[in-house]
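Data file: data_20.txt. Format and content: compact mmCIF, C-alpha atoms and all ligand atoms.
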```
# COMPACT_ATOMS: atom_id res chain seq x y z
CA MET A 23 101.70 87.37 100.65
CA ASN A 24 104.30 86.02 98.25
CA GLN A 25 107.56 84.54 99.47
CA ARG A 26 109.72 87.06 97.59
CA ALA A 27 108.14 89.96 99.45
CA ARG A 28 108.82 88.17 102.73
CA LEU A 29 112.53 87.64 102.05
CA ASP A 30 113.40 90.80 100.13
CA PRO A 31 115.93 92.79 102.19
CA ALA A 32 116.04 95.80 99.82
CA PRO A 33 115.85 99.08 101.75
CA ILE A 34 112.42 100.70 101.56
CA PRO A 35 112.34 104.50 101.31
CA PHE A 36 110.32 106.27 104.00
CA ILE A 37 108.99 108.61 101.29
CA ASP A 38 109.69 107.67 97.67
CA VAL A 39 110.15 110.99 95.87
CA ALA A 40 111.89 109.17 92.98
CA ALA A 41 108.81 107.01 92.28
CA GLN A 42 106.75 110.16 91.90
CA ARG A 43 109.38 111.62 89.55
CA ARG A 44 108.99 108.54 87.34
CA ARG A 45 105.21 108.95 87.34
CA LEU A 46 105.48 112.63 86.39
CA GLY A 47 107.63 111.73 83.39
CA ARG A 48 108.97 114.70 81.45
CA SER A 49 106.26 117.13 82.57
CA VAL A 50 108.29 118.63 85.42
CA ASP A 51 111.48 118.83 83.35
CA GLU A 52 109.56 120.68 80.64
CA ALA A 53 107.92 123.00 83.15
CA ILE A 54 111.32 123.90 84.61
CA ALA A 55 112.73 124.35 81.09
CA ARG A 56 109.97 126.86 80.33
CA VAL A 57 111.07 128.95 83.31
CA LEU A 58 114.69 128.68 82.19
CA GLY A 59 113.44 129.94 78.83
CA HIS A 60 111.60 133.04 80.02
CA CYS A 61 114.02 133.77 82.92
CA GLN A 62 111.42 135.36 85.22
CA PHE A 63 112.78 133.53 88.24
CA ILE A 64 111.16 135.81 90.82
CA LEU A 65 107.33 136.10 90.79
CA GLY A 66 107.16 134.86 87.21
CA PRO A 67 103.87 133.92 85.53
CA GLU A 68 103.87 130.39 87.02
CA VAL A 69 103.49 131.87 90.52
CA ARG A 70 100.15 133.46 89.62
CA THR A 71 99.03 130.36 87.72
CA LEU A 72 99.83 128.17 90.70
CA GLU A 73 98.06 130.48 93.14
CA ALA A 74 94.90 130.39 91.00
CA ALA A 75 95.10 126.58 90.70
CA LEU A 76 95.57 126.15 94.46
CA ALA A 77 92.64 128.50 95.16
CA ALA A 78 90.41 126.52 92.79
CA PHE A 79 91.54 123.27 94.41
CA CYS A 80 90.89 124.22 98.04
CA GLY A 81 88.07 126.72 97.64
CA ALA A 82 89.87 129.64 99.31
CA ARG A 83 89.38 132.97 97.53
CA HIS A 84 93.00 134.04 97.81
CA VAL A 85 96.24 132.13 97.81
CA VAL A 86 99.50 133.93 98.56
CA SER A 87 102.43 131.63 97.86
CA CYS A 88 105.62 132.12 99.83
CA ALA A 89 109.05 130.69 100.55
CA SER A 90 108.09 128.07 103.17
CA GLY A 91 105.39 126.92 105.53
CA THR A 92 107.22 128.75 108.29
CA ASP A 93 107.08 132.02 106.35
CA ALA A 94 103.38 131.41 105.69
CA LEU A 95 102.76 131.17 109.46
CA VAL A 96 104.95 134.11 110.41
CA MET A 97 103.54 136.40 107.72
CA VAL A 98 99.99 135.82 108.95
CA LEU A 99 101.02 136.61 112.53
CA MET A 100 102.77 139.77 111.29
CA ALA A 101 99.70 140.77 109.27
CA ALA A 102 97.43 140.16 112.27
CA GLY A 103 99.64 142.45 114.35
CA VAL A 104 100.60 139.76 116.86
CA GLY A 105 103.49 140.90 119.04
CA PRO A 106 104.85 141.38 122.56
CA GLY A 107 102.28 140.90 125.31
CA ASP A 108 100.13 138.68 123.10
CA ALA A 109 99.57 135.00 123.80
CA VAL A 110 99.19 132.58 120.93
CA ILE A 111 97.84 129.17 121.85
CA CYS A 112 99.62 126.26 120.14
CA PRO A 113 99.37 122.53 120.67
CA SER A 114 102.50 121.13 122.28
CA PHE A 115 102.51 118.00 120.13
CA THR A 116 103.59 119.48 116.78
CA PHE A 117 106.61 120.43 114.71
CA THR A 118 108.74 123.27 116.12
CA ALA A 119 107.71 125.79 113.46
CA THR A 120 104.20 126.15 114.92
CA ALA A 121 105.50 127.81 118.09
CA GLU A 122 108.74 129.18 116.65
CA VAL A 123 106.86 131.78 114.60
CA VAL A 124 105.06 133.01 117.71
CA ALA A 125 108.35 133.63 119.49
CA LEU A 126 109.80 135.20 116.32
CA VAL A 127 107.16 137.96 116.33
CA GLY A 128 107.85 138.60 120.03
CA ALA A 129 104.62 137.05 121.30
CA THR A 130 104.31 134.23 123.84
CA PRO A 131 103.38 130.71 122.80
CA VAL A 132 101.08 129.14 125.39
CA PHE A 133 101.04 125.39 125.00
CA ALA A 134 97.81 123.43 125.04
CA ASP A 135 97.35 119.67 125.04
CA VAL A 136 96.06 117.49 122.22
CA GLU A 137 93.35 114.87 122.05
CA GLU A 138 94.20 111.22 122.44
CA ALA A 139 92.30 110.02 119.35
CA SER A 140 93.25 112.61 116.73
CA PHE A 141 96.56 113.97 118.13
CA ASN A 142 95.07 117.43 117.43
CA LEU A 143 94.39 120.44 119.66
CA ASP A 144 92.11 119.67 122.61
CA PRO A 145 89.41 122.39 122.70
CA GLU A 146 89.15 122.16 126.49
CA SER A 147 92.88 122.70 126.83
CA LEU A 148 92.58 125.67 124.44
CA ARG A 149 90.03 127.19 126.82
CA ALA A 150 92.33 126.51 129.77
CA ALA A 151 95.30 128.03 127.91
CA CYS A 152 93.39 131.30 127.43
CA ALA A 153 92.72 131.45 131.18
CA THR A 154 96.38 130.65 131.92
CA ALA A 155 97.50 133.41 129.54
CA ARG A 156 95.19 135.98 131.15
CA ALA A 157 96.32 134.96 134.64
CA LEU A 158 99.89 135.72 133.52
CA GLY A 159 98.90 139.16 132.25
CA LEU A 160 99.06 138.18 128.57
CA ARG A 161 96.40 139.03 125.95
CA PRO A 162 95.13 135.85 124.27
CA LYS A 163 95.29 136.96 120.65
CA ALA A 164 95.45 133.94 118.35
CA VAL A 165 95.28 130.17 118.20
CA ILE A 166 97.19 127.93 115.81
CA PRO A 167 95.36 124.63 115.51
CA VAL A 168 97.57 122.14 113.68
CA ASP A 169 96.14 119.52 111.30
CA LEU A 170 98.64 116.95 112.46
CA PHE A 171 99.76 114.10 110.20
CA GLY A 172 97.21 115.21 107.59
CA GLN A 173 93.96 115.18 109.57
CA PRO A 174 92.16 118.49 110.26
CA ALA A 175 91.71 119.62 113.84
CA ASP A 176 88.15 119.78 115.20
CA TYR A 177 87.13 123.23 113.95
CA ASP A 178 83.47 122.91 114.93
CA ARG A 179 84.62 122.79 118.55
CA ILE A 180 87.61 125.12 118.23
CA THR A 181 85.96 127.97 116.28
CA PRO A 182 83.27 128.85 118.88
CA ILE A 183 85.96 129.03 121.58
CA ALA A 184 88.16 131.17 119.34
CA GLU A 185 85.21 133.48 118.66
CA ALA A 186 84.22 133.70 122.32
CA GLU A 187 87.83 134.51 123.27
CA SER A 188 88.29 136.91 120.27
CA LEU A 189 91.18 134.79 119.02
CA PHE A 190 92.40 134.94 115.45
CA ALA A 191 92.54 131.32 114.20
CA LEU A 192 95.46 130.41 111.98
CA ASP A 193 95.26 126.85 110.69
CA ASP A 194 98.72 125.25 110.49
CA ALA A 195 97.97 122.91 107.62
CA ALA A 196 101.59 122.28 106.68
CA GLN A 197 100.81 118.56 106.72
CA ALA A 198 97.20 118.62 105.58
CA PHE A 199 96.71 120.47 102.30
CA GLY A 200 94.05 118.48 100.42
CA ALA A 201 92.30 117.05 103.50
CA THR A 202 88.64 117.73 104.28
CA TYR A 203 86.58 118.39 107.36
CA LYS A 204 82.81 117.92 107.11
CA ASN A 205 82.92 118.36 103.33
CA ARG A 206 85.01 121.52 103.52
CA ARG A 207 88.58 121.51 102.30
CA VAL A 208 91.55 122.63 104.37
CA GLY A 209 91.99 126.27 103.41
CA ALA A 210 88.38 127.11 104.23
CA LEU A 211 88.33 126.03 107.89
CA ALA A 212 89.85 129.14 109.50
CA PRO A 213 90.25 132.83 108.56
CA ALA A 214 93.80 132.00 107.44
CA THR A 215 95.56 128.74 106.65
CA ALA A 216 99.28 128.20 106.24
CA THR A 217 100.64 125.25 104.31
CA SER A 218 104.06 123.90 103.34
CA PHE A 219 105.38 122.49 100.10
CA PHE A 220 108.50 121.00 101.70
CA PRO A 221 109.42 117.99 99.50
CA ALA A 222 108.22 115.42 102.06
CA LYS A 223 104.76 116.97 102.39
CA PRO A 224 101.78 115.39 100.62
CA LEU A 225 102.01 118.19 98.02
CA GLY A 226 105.71 119.04 97.94
CA CYS A 227 107.99 120.91 95.57
CA TYR A 228 111.71 120.39 94.89
CA GLY A 229 112.94 122.76 97.57
CA ASP A 230 111.21 124.98 100.10
CA GLY A 231 107.82 126.50 99.50
CA GLY A 232 104.57 127.40 101.20
CA ALA A 233 101.33 129.33 100.89
CA VAL A 234 98.66 131.16 102.83
CA LEU A 235 95.05 130.43 101.92
CA THR A 236 92.35 132.92 102.92
CA ASP A 237 89.03 134.45 101.88
CA ASP A 238 90.07 137.80 103.34
CA GLU A 239 91.06 140.15 100.53
CA GLU A 240 92.62 142.74 102.82
CA LEU A 241 94.74 140.11 104.56
CA ALA A 242 95.85 138.72 101.18
CA GLY A 243 96.95 142.21 100.13
CA VAL A 244 99.02 142.67 103.28
CA LEU A 245 100.60 139.24 102.82
CA ARG A 246 101.58 140.08 99.22
CA SER A 247 103.29 143.18 100.55
CA LEU A 248 104.94 141.34 103.46
CA ARG A 249 106.50 138.69 101.23
CA VAL A 250 108.30 141.42 99.25
CA HIS A 251 109.92 143.38 102.11
CA GLY A 252 106.70 145.26 102.89
CA GLU A 253 106.53 146.95 99.50
CA GLY A 254 103.70 149.34 98.69
CA SER A 255 102.82 150.71 95.28
CA GLY A 256 106.26 150.06 93.86
CA LYS A 257 109.48 148.22 94.53
CA TYR A 258 111.09 151.08 96.43
CA ASP A 259 107.94 152.18 98.24
CA CYS A 260 108.14 150.52 101.64
CA VAL A 261 104.93 150.61 103.70
CA ARG A 262 105.64 148.02 106.40
CA ILE A 263 108.41 145.83 107.73
CA GLY A 264 108.35 142.60 105.77
CA LEU A 265 110.67 139.86 104.64
CA ASN A 266 111.97 138.12 101.56
CA GLY A 267 109.30 135.45 101.50
CA ARG A 268 108.58 134.71 97.85
CA LEU A 269 108.10 131.30 96.27
CA ASP A 270 110.61 130.76 93.43
CA THR A 271 109.06 130.59 89.96
CA ILE A 272 110.78 127.23 89.36
CA GLN A 273 109.10 125.76 92.46
CA ALA A 274 105.74 127.14 91.29
CA ALA A 275 106.28 125.43 87.93
CA VAL A 276 107.01 122.13 89.69
CA LEU A 277 103.92 122.47 91.87
CA ILE A 278 101.62 123.21 88.92
CA GLU A 279 102.54 119.81 87.47
CA LYS A 280 102.34 118.00 90.80
CA LEU A 281 98.94 119.49 91.62
CA LYS A 282 97.55 117.81 88.48
CA ILE A 283 98.19 114.34 89.92
CA PHE A 284 97.57 115.29 93.56
CA PRO A 285 93.88 114.18 93.67
CA GLU A 286 94.92 110.70 92.51
CA GLU A 287 97.74 110.65 95.02
CA ILE A 288 95.33 111.50 97.83
CA VAL A 289 93.17 108.53 96.84
CA ALA A 290 96.27 106.29 96.81
CA ARG A 291 97.34 107.55 100.23
CA GLU A 292 93.87 106.81 101.61
CA ARG A 293 93.98 103.30 100.14
CA ILE A 294 97.43 102.65 101.61
CA ALA A 295 96.38 103.95 105.04
CA ARG A 296 93.32 101.68 104.99
CA ARG A 297 95.50 98.67 104.06
CA TYR A 298 97.88 99.45 106.93
CA SER A 299 95.00 99.68 109.37
CA ALA A 300 93.42 96.46 108.08
CA GLY A 301 96.75 94.66 108.49
CA LEU A 302 97.71 96.07 111.87
CA ALA A 303 94.63 97.05 113.87
CA ASP A 304 94.54 93.75 115.78
CA VAL A 305 98.14 94.08 117.02
CA VAL A 306 98.73 97.80 117.57
CA SER A 307 96.90 101.11 118.09
CA VAL A 308 96.33 102.47 114.55
CA PRO A 309 95.42 106.09 113.66
CA LYS A 310 91.78 107.09 113.95
CA LEU A 311 89.92 109.45 111.63
CA ALA A 312 87.24 111.60 113.22
CA PRO A 313 83.77 111.12 111.67
CA GLY A 314 83.41 113.55 108.75
CA SER A 315 87.17 114.05 108.34
CA THR A 316 89.56 112.86 105.69
CA SER A 317 93.32 112.85 105.98
CA VAL A 318 96.04 113.21 103.36
CA TRP A 319 98.18 110.91 105.52
CA ALA A 320 101.32 113.00 105.74
CA GLN A 321 102.27 110.34 108.28
CA TYR A 322 100.87 106.95 109.15
CA THR A 323 101.55 106.87 112.86
CA ILE A 324 100.88 103.97 115.20
CA ARG A 325 101.23 103.86 119.00
CA LEU A 326 103.07 101.41 121.20
CA ALA A 327 103.18 101.83 124.95
CA ASP A 328 105.75 100.72 127.56
CA GLY A 329 108.88 101.45 125.53
CA ARG A 330 107.93 98.86 122.88
CA ARG A 331 108.17 101.34 120.01
CA ASP A 332 111.96 101.55 120.26
CA GLY A 333 112.13 97.76 120.04
CA LEU A 334 109.94 97.87 116.94
CA ALA A 335 112.18 100.47 115.26
CA ALA A 336 115.27 98.38 116.10
CA ALA A 337 113.67 95.22 114.72
CA LEU A 338 112.59 96.86 111.45
CA LYS A 339 115.82 98.71 110.70
CA PRO A 340 117.98 95.68 109.76
CA GLN A 341 115.17 94.54 107.49
CA GLY A 342 115.52 97.78 105.49
CA ILE A 343 112.31 99.24 106.90
CA PRO A 344 112.74 102.81 108.12
CA THR A 345 110.57 104.37 110.80
CA ALA A 346 110.41 107.90 112.24
CA ILE A 347 109.31 109.44 115.51
CA HIS A 348 107.09 112.46 115.00
CA TYR A 349 107.74 113.87 117.63
CA PRO A 350 109.99 112.49 120.36
CA VAL A 351 109.72 115.53 122.66
CA PRO A 352 106.64 117.76 123.03
CA LEU A 353 107.44 121.42 122.41
CA HIS A 354 106.89 122.56 126.00
CA ARG A 355 109.73 120.19 127.00
CA GLN A 356 112.16 121.39 124.29
CA GLU A 357 114.94 123.53 125.69
CA PRO A 358 114.13 126.87 123.96
CA TYR A 359 110.42 126.55 124.77
CA ARG A 360 110.56 125.46 128.41
CA ARG A 361 110.24 129.05 129.58
CA PHE A 362 106.82 129.46 127.95
CA PRO A 363 103.58 128.70 129.79
CA VAL A 364 101.55 125.51 129.54
CA ALA A 365 97.76 125.50 129.92
CA GLU A 366 96.35 124.74 133.34
CA GLY A 367 96.16 120.93 133.50
CA GLY A 368 99.42 120.51 131.62
CA ALA A 369 99.90 118.51 128.45
CA PRO A 370 99.88 114.88 129.61
CA VAL A 371 98.56 113.50 126.31
CA SER A 372 101.33 115.26 124.35
CA GLU A 373 103.89 113.79 126.74
CA ARG A 374 102.48 110.29 126.40
CA LEU A 375 102.26 110.48 122.61
CA ALA A 376 105.88 111.60 122.40
CA GLU A 377 106.83 108.35 124.10
CA GLU A 378 104.54 106.07 122.12
CA VAL A 379 104.23 107.20 118.49
CA ILE A 380 106.13 105.71 115.58
CA SER A 381 105.51 106.42 111.89
CA LEU A 382 105.76 103.85 109.10
CA PRO A 383 106.79 104.47 105.46
CA MET A 384 103.99 106.37 103.76
CA HIS A 385 103.67 107.78 100.25
CA ALA A 386 101.35 107.46 97.28
CA TYR A 387 103.60 104.97 95.46
CA LEU A 388 103.94 102.33 98.19
CA ASP A 389 103.04 99.15 96.27
CA GLU A 390 101.13 96.30 97.86
CA ALA A 391 104.07 93.85 97.98
CA THR A 392 106.25 96.40 99.78
CA GLN A 393 103.44 97.32 102.13
CA ASP A 394 102.78 93.65 102.89
CA ARG A 395 106.47 93.27 103.70
CA ILE A 396 106.20 96.16 106.18
CA ILE A 397 102.97 94.89 107.73
CA GLU A 398 104.34 91.38 108.12
CA ALA A 399 107.59 92.67 109.63
CA VAL A 400 105.68 94.81 112.15
CA ARG A 401 103.47 91.86 113.10
CA ARG A 402 106.49 89.57 113.50
CA ALA A 403 108.34 92.11 115.62
CA LEU A 404 105.34 92.63 117.89
CA ARG A 405 104.85 88.88 118.33
CA ALA A 406 108.52 88.45 119.30
C1 LIG B 501 103.13 121.27 111.51
C2 LIG B 501 104.15 122.03 110.69
N1 LIG B 501 104.14 123.37 110.74
C3 LIG B 501 105.02 124.10 110.03
C4 LIG B 501 105.96 123.51 109.22
C5 LIG B 501 106.95 124.36 108.52
O1 LIG B 501 106.96 124.21 107.13
P1 LIG B 501 108.31 124.50 106.32
O2 LIG B 501 109.25 123.39 106.58
O3 LIG B 501 107.84 124.55 104.89
O4 LIG B 501 108.82 125.83 106.77
C6 LIG B 501 105.99 122.11 109.11
C7 LIG B 501 106.92 121.44 108.20
O5 LIG B 501 107.88 120.87 108.41
C8 LIG B 501 105.08 121.35 109.88
O6 LIG B 501 105.07 120.01 109.84
```
Re-express the file's structure as structure tokens.
Amino acid sequence: MNQRARLDPAPIPFIDVAAQRRRLGRSVDEAIARVLGHCQFILGPEVRTLEAALAAFCGARHVVSCASGTDALVMVLMAAGVGPGDAVICPSFTFTATAEVVALVGATPVFADVEEASFNLDPESLRAACATARALGLRPKAVIPVDLFGQPADYDRITPIAEAESLFALDDAAQAFGATYKNRRVGALAPATATSFFPAKPLGCYGDGGAVLTDDEELAGVLRSLRVHGEGSGKYDCVRIGLNGRLDTIQAAVLIEKLKIFPEEIVARERIARRYSAGLADVVSVPKLAPGSTSVWAQYTIRLADGRRDGLAAALKPQGIPTAIHYPVPLHRQEPYRRFPVAEGGAPVSERLAEEVISLPMHAYLDEATQDRIIEAVRRALRA
């Protein structure tokens, strides 16, 4: 490593959206200008173009874009008729939105634990959560496996349980669009997949955005109605209760351009993750990919036990190296969610991870000198 990289105190962005802007050049500006030219700001032609491009990319037959990843999740639950008396099994170690949407439709989130290696839903805890739900007089109706930090959950083990329990599986792939599981892309792993285009996501727009990916034509039709206030054959024909859940045309235009470079960005993310692991595996617990899975590395998250992760964050901060804790409190311990049930056996892995995880800067434009500076700083801090 060169000496300059070692001494450079310049702050490092956690995610460098500006570097991607430079790479995109004028293409995004021109795409936005085209929308400003035709003025079809709501469901303009770019929305359909984007949906077709996303479908071609992930192999799902239908893509219904929408206003956010949260709307994508909630619209699927609404379409599946999930409501009061229903239990929806969610991992506890995830972002709030996964369980929030369950409560929003009046159903009960039942929290399951995650697996130590992947941080994703533990199939055995899913089974236990169904039993817990039934014991409480709830109908187990759906499961929301989350593809946390960019790596798909273990669908070959989850799907048979979901089928045996008659659960509708909704993949929360807010962090994992573009990842693969046994040669299948995210979007084709569950009957419905929700993703997010929040700017910090691997494929992000310049505001809020999301999409549902599905092969189910009937579901896609209901989702298209739901995102426009439940409209039927015309604007003032209302056939169901819906919401205002459309993706803005300008955001679709941005995403069309970003999708063109996304495959290269995925390769860059994989390379950067491998470099991190090569530089850190001997000093800290680095993330593990399950055999047959790829990740889009929404986060590169290491683990440090015994309160050492807070010391690491404190040591890196003055060196201009940001870190983040995803997530410091498992959902079943968050105040609004404490009243909801946890699977028999509890969620000890989620609780432990919440105390041990720490994420390092991760994006497709992290150059080697900057990454070496981060790796060296982490190694120095852990030696201290
Ligand atoms: C796991 C997970 N689910 C759902 C969401 C919600 O996505 P959005 O912020 O686009 O509503 C996010 C994004 O933050 C997420 O990380």
Could you give me, as a ChimeraX atom specification, the residues within 12 Å of Arg262 (chain A), counting all atoms listed in the file and dropping anything in the same chain fewer than 6 positions from it? /A:97,100-101,103,244-255
Between chain A and ligand LIG 501 (chain B), at 6 Å or less, what are the per-residue closest atom pairs and their distances in Å? Count only C-alpha atoms and all ligand atoms, order by chain and rising residue number, and return it as JSON lines.
```
{"residue": "A:Ser90", "atom": "CA", "partner": "B:LIG501", "partner_atom": "O3", "distance": 3.9}
{"residue": "A:Gly91", "atom": "CA", "partner": "B:LIG501", "partner_atom": "O3", "distance": 3.5}
{"residue": "A:Thr92", "atom": "CA", "partner": "B:LIG501", "partner_atom": "O4", "distance": 3.7}
{"residue": "A:Thr116", "atom": "CA", "partner": "B:LIG501", "partner_atom": "C1", "distance": 5.6}
{"residue": "A:Phe117", "atom": "CA", "partner": "B:LIG501", "partner_atom": "C1", "distance": 4.8}
{"residue": "A:Ala119", "atom": "CA", "partner": "B:LIG501", "partner_atom": "C3", "distance": 4.7}
{"residue": "A:Thr120", "atom": "CA", "partner": "B:LIG501", "partner_atom": "N1", "distance": 5.0}
{"residue": "A:Asp194", "atom": "CA", "partner": "B:LIG501", "partner_atom": "N1", "distance": 5.7}
{"residue": "A:Ala196", "atom": "CA", "partner": "B:LIG501", "partner_atom": "C2", "distance": 4.8}
{"residue": "A:Gln197", "atom": "CA", "partner": "B:LIG501", "partner_atom": "O6", "distance": 5.5}
{"residue": "A:Ser218", "atom": "CA", "partner": "B:LIG501", "partner_atom": "O3", "distance": 4.1}
{"residue": "A:Phe219", "atom": "CA", "partner": "B:LIG501", "partner_atom": "O3", "distance": 5.8}
{"residue": "A:Phe220", "atom": "CA", "partner": "B:LIG501", "partner_atom": "O3", "distance": 4.8}
{"residue": "A:Asp230", "atom": "CA", "partner": "B:LIG501", "partner_atom": "O3", "distance": 5.9}
{"residue": "A:Gly231", "atom": "CA", "partner": "B:LIG501", "partner_atom": "O3", "distance": 5.7}
{"residue": "A:Gly232", "atom": "CA", "partner": "B:LIG501", "partner_atom": "O3", "distance": 5.7}
```
So that I can check the surroundings of Ala275 (chain A), please list as a ChimeraX atom specification every protein, DNA and RNA residue that reaches within 8 Å of it, counting all atoms listed in the file and ignoring chain neighbours fewer than 4 positions away. /A:50,53-54,57,68-69,72,271,279
Assuming 5 Å of padding per side, give the centre and edge lengths of the axis-aligned box around every listed atom of region 181-196 of chain A, in Å to one decimal and as AutoDock Vina command-line options.
```
--center_x 92.4 --center_y 129.6 --center_z 115.0 --size_x 28.3 --size_y 24.6 --size_z 26.6
```
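If you measure from each of A:Glu137, A:Phe79, A:Gly264, A:Asp93 to Val234 (chain A) using all atoms listed in the file, the closest one turns out to be A:Asp93.
Distances here use all atoms listed in the file; by that measure, the residue among A:Gly267, A:Val308, A:Glu373, A:Glu239 closest to Gln356 (chain A) is A:Glu373.
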Return as CSV the residues of region 138-241 of chain A lying at most 10 Å from region 384-388 of chain A, together with the closest atom-to-atom pair for each and the distance in Å to one decimal, counting all atoms listed in the file, with rows in chain order and ascending residue number.
```
residue,atom,partner,partner_atom,distance
A:Ala222,CA,A:His385,CA,9.1
A:Lys223,CA,A:His385,CA,9.5
A:Pro224,CA,A:His385,CA,7.8
```
Choose the residue, out of A:Ala40, A:Ile324, A:Val124, A:Ala186, that has the smallest atom-to-atom separation from Pro221 (chain A); count all atoms listed in the file. A:Ala40
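Shortest atom-to-atom contact with Gln42 (chain A) among A:Glu357, A:Glu287, A:Asp328, A:Glu240: A:Glu287, counting only C-alpha atoms.
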Pairwise distance for CA of Pro174 (chain A) and CA of Gly314 (chain A), rounded to one decimal in Å: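 One can read the CA of Pro174 (chain A) to CA of Gly314 (chain A) distance as 10.2 Å.
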Best match for closeness to Pro167 (chain A) among A:Asp238, A:Glu286, A:Glu366, A:Asp135, counting only C-alpha atoms: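 Among the listed residues, A:Asp135 lies closest to Pro167 (chain A).
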Write out as number ranges by chain each polymer residue whose atoms come within 8 Å of Thr181 (chain A), counting all atoms listed in the file; drop sequence neighbours fewer than 3 positions from it. A: 177-178, 184-185, 191, 212
For a cutoff of 9 Å around the file-coordinate point (86.1, 130.2, 100.2), which residues qualify once you count all atoms listed in the file? I'd like the result as a list in words.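 Nearby residues: Ala77, Cys80, Gly81, Ala82, Arg83, His84, Gly209, Ala210, Thr236 and Asp237 of chain A.
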Protein/DNA/RNA residues near (94.9, 121.5, 120.6), cut 10 Å, all atoms listed in the file, as a PyMOL selection string: chain A and resi 111-116+133-137+140-149+151+165-169+175-176+180+369+372
Which neighbours of Arg296 (chain A) fall inside 12 Å, counting all atoms listed in the file, when residues of the same chain fewer than 6 positions from it are skipped, and could you give them as a PDB file with C-alpha atoms, in the coordinates of the input?
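Below you can see selection_14.pdb, which holds the result:
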```pdb
ATOM      1  CA  VAL A 289      93.170 108.530  96.840  1.00  0.00           C
ATOM      2  CA  ALA A 290      96.270 106.290  96.810  1.00  0.00           C
ATOM      3  CA  LEU A 302      97.710  96.070 111.870  1.00  0.00           C
ATOM      4  CA  ALA A 303      94.630  97.050 113.870  1.00  0.00           C
ATOM      5  CA  VAL A 308      96.330 102.470 114.550  1.00  0.00           C
ATOM      6  CA  PRO A 309      95.420 106.090 113.660  1.00  0.00           C
ATOM      7  CA  LYS A 310      91.780 107.090 113.950  1.00  0.00           C
ATOM      8  CA  LEU A 311      89.920 109.450 111.630  1.00  0.00           C
ATOM      9  CA  THR A 316      89.560 112.860 105.690  1.00  0.00           C
ATOM     10  CA  SER A 317      93.320 112.850 105.980  1.00  0.00           C
ATOM     11  CA  VAL A 318      96.040 113.210 103.360  1.00  0.00           C
ATOM     12  CA  TRP A 319      98.180 110.910 105.520  1.00  0.00           C
ATOM     13  CA  TYR A 322     100.870 106.950 109.150  1.00  0.00           C
ATOM     14  CA  MET A 384     103.990 106.370 103.760  1.00  0.00           C
ATOM     15  CA  GLU A 390     101.130  96.300  97.860  1.00  0.00           C
ATOM     16  CA  GLN A 393     103.440  97.320 102.130  1.00  0.00           C
TER      17      GLN A 393
END
```
Which polymer residues have any atom within 8 Å of an atom of Ile64 (chain A), counting only C-alpha atoms, with same-chain residues fewer than 5 positions away left out, as a list in words?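 Result of the neighbour search: Arg268, Leu269, Asp270 and Thr271 of chain A.
Closest approach to Val110 (chain A) among A:Ala346, A:Ala89, A:Val364, A:Leu76 is made by A:Val364 (distances from only C-alpha atoms).
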Computed interatomic separation between CA of Ala399 (chain A) and CA of Gln321 (chain A) (Å):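 One can read the CA of Ala399 (chain A) to CA of Gln321 (chain A) distance as 18.5 Å.
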